[in-house]
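K.L.:
Shown below is the structure under consideration.
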Amino acid sequence: MTQRVALLGLSGVGKSTLVGQVAERLPLLHLQASILIRTEQAYRAQAQHTSEALRTGPVLDNQALMIAAYSRLTETATVPVVFDGHSVVDGRNGLLEIPSTVFAALSLDAICILTAAPSVIFERRRHDIARERPHRDVEALAAHQAVAIAAAQRIANDLDRPFHHLETDPRARLVQLLR
């Protein structure tokens, strides 16, 4: 079976960029949570929603859609799979931790979290006009990132999977995990 790794982190931390860099060196299947949800909605002929609607809507219901799409798309995967998602979602009523049961359904081999300086995340979000995100100052992003790290560690512990905090040389570390 191929390696399946969750790459978690705040929106704007650079998960998709990192996976793109790794994909230049290693064939892999990159599955983003929000795209999986929209894919499953289309598959089930539901109206597709924007990333903002997915973030503020029925987050836990959306997780079931994500799991269904992930399962369908990975059942015949012959290359490593990187699930690009979140351990917490910044929703309408504050941070919502994603339950470990969601990640258990993905049959993951490891849980990773990518972090960056909150000021870097702030600037990336400020310059990314393509995505709707709630405005958070640097202090709020620092607090959210601390919660996201703790949630990712909890998920890894609950699933009895290795936890990797990708702080230094994340590209090399992710390549190593996927081989």
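Ordered as shown in the structure tokens, chains take letters A, B, and onward, while each chain numbers its residues from 1 and ligands are numbered from 1 in the order shown.
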Give the strand (DSSP E or B) residues of chain A, as assigned by DSSP on the backbone, as number ranges by chain.
P.N.:
A: 4-8, 29-32, 81-85, 88-91, 94-97, 110-114, 163-166
K.L.:
For Asp158 of chain A, find every residue with an atom within 10 Å (counting only C-alpha atoms), except residues of its own chain fewer than 4 positions away, and show them as JSON, numbers by chain.
P.N.:
{"A": [99, 100, 101, 103, 104, 152, 153, 154]}
K.L.:
For Leu174 of chain A, which residue out of A:Thr2, A:Ser119, A:Gln21, A:Ser11 is the nearest one, using only C-alpha atoms?
P.N.:
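Smallest distance to Leu174 of chain A is found for A:Gln21.
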K.L.:
Where does DSSP see alpha helix (DSSP H) in segment 40-169 of chain A, if you list the residues as a count of residues only?
P.N.:
63
K.L.:
From the options A:Leu96, A:Leu29, A:Ala110, A:Pro80, which residue's atoms come nearest to Asn157 of chain A, counting only C-alpha atoms?
P.N.:
A:Ala110
